[in-house]
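One structure below.
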Amino acid sequence: MRPILRVHDVLFKVPASLEFLSRLNSGLSGFSQVGKFITIYPRTKSEALELGHNLHAATDQLHGPEIPFDERYRMGSIVYYRYGSFRPDGANVNGTIRDPAGKSHSDKRAFGGAVPAWIEDPFQRTKAKANGVRAVGPLAPDYLPFKVISQRGKGGVYEAIDFSVSPARVVIIKEGRPHGETAWDGLDGFARVSREARVLRVLRAAGIPVPEIFREFNRDRNRYLVLEKIEGRPLLPRNRTQPTRISWRRAQKFLEQLEPVLARMHAAGWVWRDCKPSHIFRDRGAIRLIDFEGAVGINQTEVLPWGSR
């Protein structure tokens with residue numbers, strides 16, 4: 001890519017370190033930044049078209065994570081584009097853009113916002129030849145997601161209605177994206193979801209109170225895991241590390257309930273590594289456990305660190 005950028009003498013930016021690139025691709029500092037390794041700023045429409053063609057040709061055999069709110073140059077390409085601001089504008093951290101009449105608009109980082117309505121997409125002819133018909137949705141017609149629980153580079157977690165059974169039921173769907181948050185050991189979002197399914201099956205067979213797996217499938221290159229929706233409430237809400245009122249007596253009572261469950265898990269040969277209050281649900285006196293993509297075999301030692309604040 002560097003020779004192409006040198007020929008055009010075009011401005012561009014890249015993350016200053018691999019650690020910073022990893023944070024960008026996690027989506028925790030802004031979901032719109034996922035997948036962006038290098039951002040290039042063409043000066044004209046003709047320069048943008050030439051750069052798009054040359055960059056796609058140079059990276060045609062490479063693979064990478066999807067960029068959530070940008071338009072793909074053509075099907076299968078890892079080159080994306082959007083019309084947006086270059087810098088923040090006062091309190092508007094995403095910046096603003098101007099229409100032909102000079103009116104300012106917020107630079108929307110959302111689906112369908114990559115090309116404003118007043119601009120003719122210069123890449124539309126290239127995409128129309130290569131992309132063909134676009135699918136209605138990755139989970140239709142079996143599942144209808146209605147709530148996003150979390151959204152990261154590795155994939156999303158959704159609450160959805162399952163129409164594949166009668167009567168329909170509410171389920172949790174975990175999504176694993178190829179190349180999403182690929183770690184130093186090579187595991188990406190796709191592999192983590194597949195791995196979590198294997199762990200959940202072993203733990204349920206051992207009598208551990210984890211969600212039931214209803215279905216696994218691949219669609220649009222992603223891996224999906226359809227899970228039972230756990231009833232009850234988490235011990236603490238997400239992003240909370242302490243209860244509002246601290247009671248040692250209540251804590252001791254709960255830990256006496258949790259200890260034998262963890263002991264059975266260890267006896268089955270697994271370490272949870274994501275044991276935290278938001279992953280422990282209580283329902284009518286019973287406890288249920290969720291989120292096992294970071295679980296490892298109890299005898300595994302060559303593993304990357306895993307945990308939460």
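Just so we're on the same page: first chain in the structure tokens is A, next is B, and so on; residues restart at 1 for each chain, and ligands are numbered from 1 in the order they show up.
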For this session: Can you pull out every residue within 7 Å of segment 181-187 of chain A, counting only C-alpha atoms, but drop anything in the same chain fewer than 5 positions away, and send it as a PyMOL selection string?
Result: chain A and resi 22+25-26+153-154+192
Segment 172-195 of chain A residues near segment 220-229 of chain A within 9 Å, closest pair each, using only C-alpha atoms, as CSV:
residue,atom,partner,partner_atom,distance
A:Ile172,CA,A:Leu227,CA,5.1
A:Ile173,CA,A:Val226,CA,4.6
A:Lys174,CA,A:Leu225,CA,5.1
A:Glu175,CA,A:Tyr224,CA,4.7
A:Gly176,CA,A:Arg223,CA,4.9
A:Arg177,CA,A:Asn222,CA,4.9
A:Pro178,CA,A:Asn222,CA,6.3
A:Gly189,CA,A:Arg223,CA,8.3
A:Phe190,CA,A:Arg223,CA,5.4
A:Ala191,CA,A:Arg223,CA,8.2
A:Val193,CA,A:Arg223,CA,6.8
A:Ser194,CA,A:Arg223,CA,7.2
For this session: Could you give me the residues within segment 10-187 of chain A that DSSP places in helix (DSSP H, G or I), as a PyMOL selection string?
Result: chain A and resi 18-26+31-33+45-58+124-131
What are the closest atom pairs, with distances in Å to one decimal, for each residue of segment 235-304 of chain A lying within 8 Å of segment 209-219 of chain A, using only C-alpha atoms, rows by chain and rising residue number, as CSV?
residue,atom,partner,partner_atom,distance
A:Ile287,CA,A:Pro209,CA,7.2
A:Arg288,CA,A:Pro209,CA,5.0
A:Leu289,CA,A:Val210,CA,5.1
A:Ile290,CA,A:Val210,CA,6.0
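Non-sequential neighbours of Ser32 of chain A (distance at most 12 Å, separation of 5 or more positions within a chain, only C-alpha atoms) are Leu24, Asn25, Ser26, Gly27, Glu66, Ile67, Pro68, Phe69, Asp70, Arg82, Asn94, Asp107, Lys108, Arg109, Ala110, Phe111, Gly113, Ala114, Gln151, Arg152 and Gly153 of chain A.
We find atom CA of Asp121 of chain A and atom CA of Glu47 of chain A to be spaced 14.0 Å apart.
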Pull the closest atom pair for each residue of segment 165-204 of chain A that gets at most 9 Å from segment 253-272 of chain A, along with the distance in Å to one decimal, counting only C-alpha atoms, ordering rows by chain and then ascending residue number, as a Markdown table.
| residue | atom | partner | partner_atom | distance |
| --- | --- | --- | --- | --- |
| A:Val199 | CA | A:Trp270 | CA | 8.4 |
| A:Val202 | CA | A:Ala268 | CA | 8.0 |
| A:Leu203 | CA | A:Met265 | CA | 6.9 |
Exercise. What are the DSSP strand (DSSP E) residues of segment 147-291 of chain A, as a ChimeraX atom specification?
Worked result: /A:147-152,155-162,169-176,213-219,222-228,233-234,270-271,280-283,286-289
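With only C-alpha atoms as the atoms that count, the residue of A:Val10, A:Leu236, A:Ile246, A:Leu139 with the shortest distance to Ile40 of chain A is A:Val10.
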Exercise. If we count only C-alpha atoms, what is near Pro100 of chain A at a cut-off of 12 Å, once residues fewer than 5 positions away on the same chain are taken out, given as a VMD selection string?
Worked result: chain A and resid 105 116 to 119
Can I get the selected residues back with all heavy atoms, as a PDB file, in the first residue's frame?
ATOM      1  N   HIS A 105     -24.387  19.617   8.901  1.00  0.00           N
ATOM      2  CA  HIS A 105     -25.051  18.401   9.355  1.00  0.00           C
ATOM      3  C   HIS A 105     -24.069  17.615  10.217  1.00  0.00           C
ATOM      4  O   HIS A 105     -22.868  17.585   9.944  1.00  0.00           O
ATOM      5  CB  HIS A 105     -25.476  17.527   8.174  1.00  0.00           C
ATOM      6  CG  HIS A 105     -26.416  18.193   7.229  1.00  0.00           C
ATOM      7  ND1 HIS A 105     -27.789  18.051   7.293  1.00  0.00           N
ATOM      8  CD2 HIS A 105     -26.176  19.036   6.182  1.00  0.00           C
ATOM      9  CE1 HIS A 105     -28.353  18.747   6.339  1.00  0.00           C
ATOM     10  NE2 HIS A 105     -27.397  19.363   5.647  1.00  0.00           N
ATOM     11  N   PRO A 116     -23.975  10.841   2.183  1.00  0.00           N
ATOM     12  CA  PRO A 116     -25.141  11.717   2.382  1.00  0.00           C
ATOM     13  C   PRO A 116     -26.056  11.728   1.159  1.00  0.00           C
ATOM     14  O   PRO A 116     -25.629  11.467   0.029  1.00  0.00           O
ATOM     15  CB  PRO A 116     -24.498  13.093   2.599  1.00  0.00           C
ATOM     16  CG  PRO A 116     -23.104  12.808   3.051  1.00  0.00           C
ATOM     17  CD  PRO A 116     -22.698  11.546   2.364  1.00  0.00           C
ATOM     18  N   ALA A 117     -27.320  12.065   1.390  1.00  0.00           N
ATOM     19  CA  ALA A 117     -28.329  12.001   0.335  1.00  0.00           C
ATOM     20  C   ALA A 117     -28.034  12.963  -0.815  1.00  0.00           C
ATOM     21  O   ALA A 117     -28.449  12.711  -1.947  1.00  0.00           O
ATOM     22  CB  ALA A 117     -29.706  12.299   0.936  1.00  0.00           C
ATOM     23  N   TRP A 118     -27.325  14.063  -0.548  1.00  0.00           N
ATOM     24  CA  TRP A 118     -27.082  15.058  -1.599  1.00  0.00           C
ATOM     25  C   TRP A 118     -25.858  14.746  -2.467  1.00  0.00           C
ATOM     26  O   TRP A 118     -25.505  15.494  -3.358  1.00  0.00           O
ATOM     27  CB  TRP A 118     -26.930  16.451  -0.983  1.00  0.00           C
ATOM     28  CG  TRP A 118     -25.731  16.603  -0.079  1.00  0.00           C
ATOM     29  CD1 TRP A 118     -24.452  16.873  -0.440  1.00  0.00           C
ATOM     30  CD2 TRP A 118     -25.719  16.485   1.344  1.00  0.00           C
ATOM     31  NE1 TRP A 118     -23.637  16.930   0.655  1.00  0.00           N
ATOM     32  CE2 TRP A 118     -24.388  16.703   1.766  1.00  0.00           C
ATOM     33  CE3 TRP A 118     -26.700  16.222   2.301  1.00  0.00           C
ATOM     34  CZ2 TRP A 118     -24.020  16.657   3.107  1.00  0.00           C
ATOM     35  CZ3 TRP A 118     -26.333  16.186   3.625  1.00  0.00           C
ATOM     36  CH2 TRP A 118     -25.019  16.396   4.033  1.00  0.00           C
ATOM     37  N   ILE A 119     -25.197  13.605  -2.186  1.00  0.00           N
ATOM     38  CA  ILE A 119     -23.992  13.246  -2.931  1.00  0.00           C
ATOM     39  C   ILE A 119     -24.258  12.020  -3.788  1.00  0.00           C
ATOM     40  O   ILE A 119     -24.869  11.051  -3.343  1.00  0.00           O
ATOM     41  CB  ILE A 119     -22.819  12.960  -1.961  1.00  0.00           C
ATOM     42  CG1 ILE A 119     -22.402  14.243  -1.253  1.00  0.00           C
ATOM     43  CG2 ILE A 119     -21.628  12.348  -2.691  1.00  0.00           C
ATOM     44  CD1 ILE A 119     -21.319  14.044  -0.238  1.00  0.00           C
TER      45      ILE A 119
END
Show me, as a compact mmCIF listing (two decimals) with N, CA and C atoms, in the first residue's frame, the residues that have an atom within 10 Å of Leu21 of chain A when counting only C-alpha atoms, minus same-chain residues fewer than 2 positions from it.
# COMPACT_ATOMS: atom_id res chain seq x y z
N VAL A 14 -2.45 6.08 10.46
CA VAL A 14 -2.44 4.69 10.92
C VAL A 14 -2.29 4.70 12.44
N PRO A 15 -2.73 3.63 13.13
CA PRO A 15 -2.50 3.54 14.58
C PRO A 15 -1.00 3.54 14.89
N ALA A 16 -0.64 4.16 16.01
CA ALA A 16 0.77 4.30 16.37
C ALA A 16 1.38 3.01 16.89
N SER A 17 0.56 2.03 17.27
CA SER A 17 1.09 0.78 17.80
C SER A 17 0.08 -0.33 17.58
N LEU A 18 0.54 -1.58 17.69
CA LEU A 18 -0.37 -2.72 17.57
C LEU A 18 -1.35 -2.77 18.73
N GLU A 19 -0.90 -2.30 19.90
CA GLU A 19 -1.80 -2.28 21.06
C GLU A 19 -2.96 -1.31 20.81
N ARG A 23 -7.10 -2.00 20.47
CA ARG A 23 -8.17 -1.28 21.17
C ARG A 23 -9.20 -0.74 20.18
N LEU A 24 -8.74 -0.23 19.04
CA LEU A 24 -9.67 0.25 18.02
C LEU A 24 -10.59 -0.87 17.56
N ASN A 25 -10.01 -2.04 17.31
CA ASN A 25 -10.78 -3.15 16.76
C ASN A 25 -11.68 -3.82 17.78
N SER A 26 -11.50 -3.52 19.06
CA SER A 26 -12.42 -4.05 20.07
C SER A 26 -13.77 -3.34 20.02
N GLN A 33 -15.13 2.66 14.81
CA GLN A 33 -13.70 2.55 14.50
C GLN A 33 -13.24 1.12 14.22
N VAL A 34 -14.12 0.15 14.44
CA VAL A 34 -13.74 -1.25 14.25
C VAL A 34 -13.30 -1.49 12.80
N GLY A 35 -12.17 -2.18 12.63
CA GLY A 35 -11.72 -2.58 11.31
C GLY A 35 -10.84 -1.56 10.59
N LYS A 36 -10.64 -0.38 11.17
CA LYS A 36 -9.91 0.67 10.47
C LYS A 36 -8.42 0.61 10.82
N PHE A 37 -7.65 0.07 9.88
CA PHE A 37 -6.20 0.01 10.08
C PHE A 37 -5.52 1.24 9.50
N ILE A 38 -6.02 1.72 8.37
CA ILE A 38 -5.44 2.90 7.74
C ILE A 38 -6.58 3.72 7.14
N GLU A 181 -11.52 -8.74 16.43
CA GLU A 181 -10.68 -8.73 17.63
C GLU A 181 -9.74 -9.94 17.67
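Atom CA of Phe146 of chain A is positioned 6.1 Å from atom CA of Glu159 of chain A.
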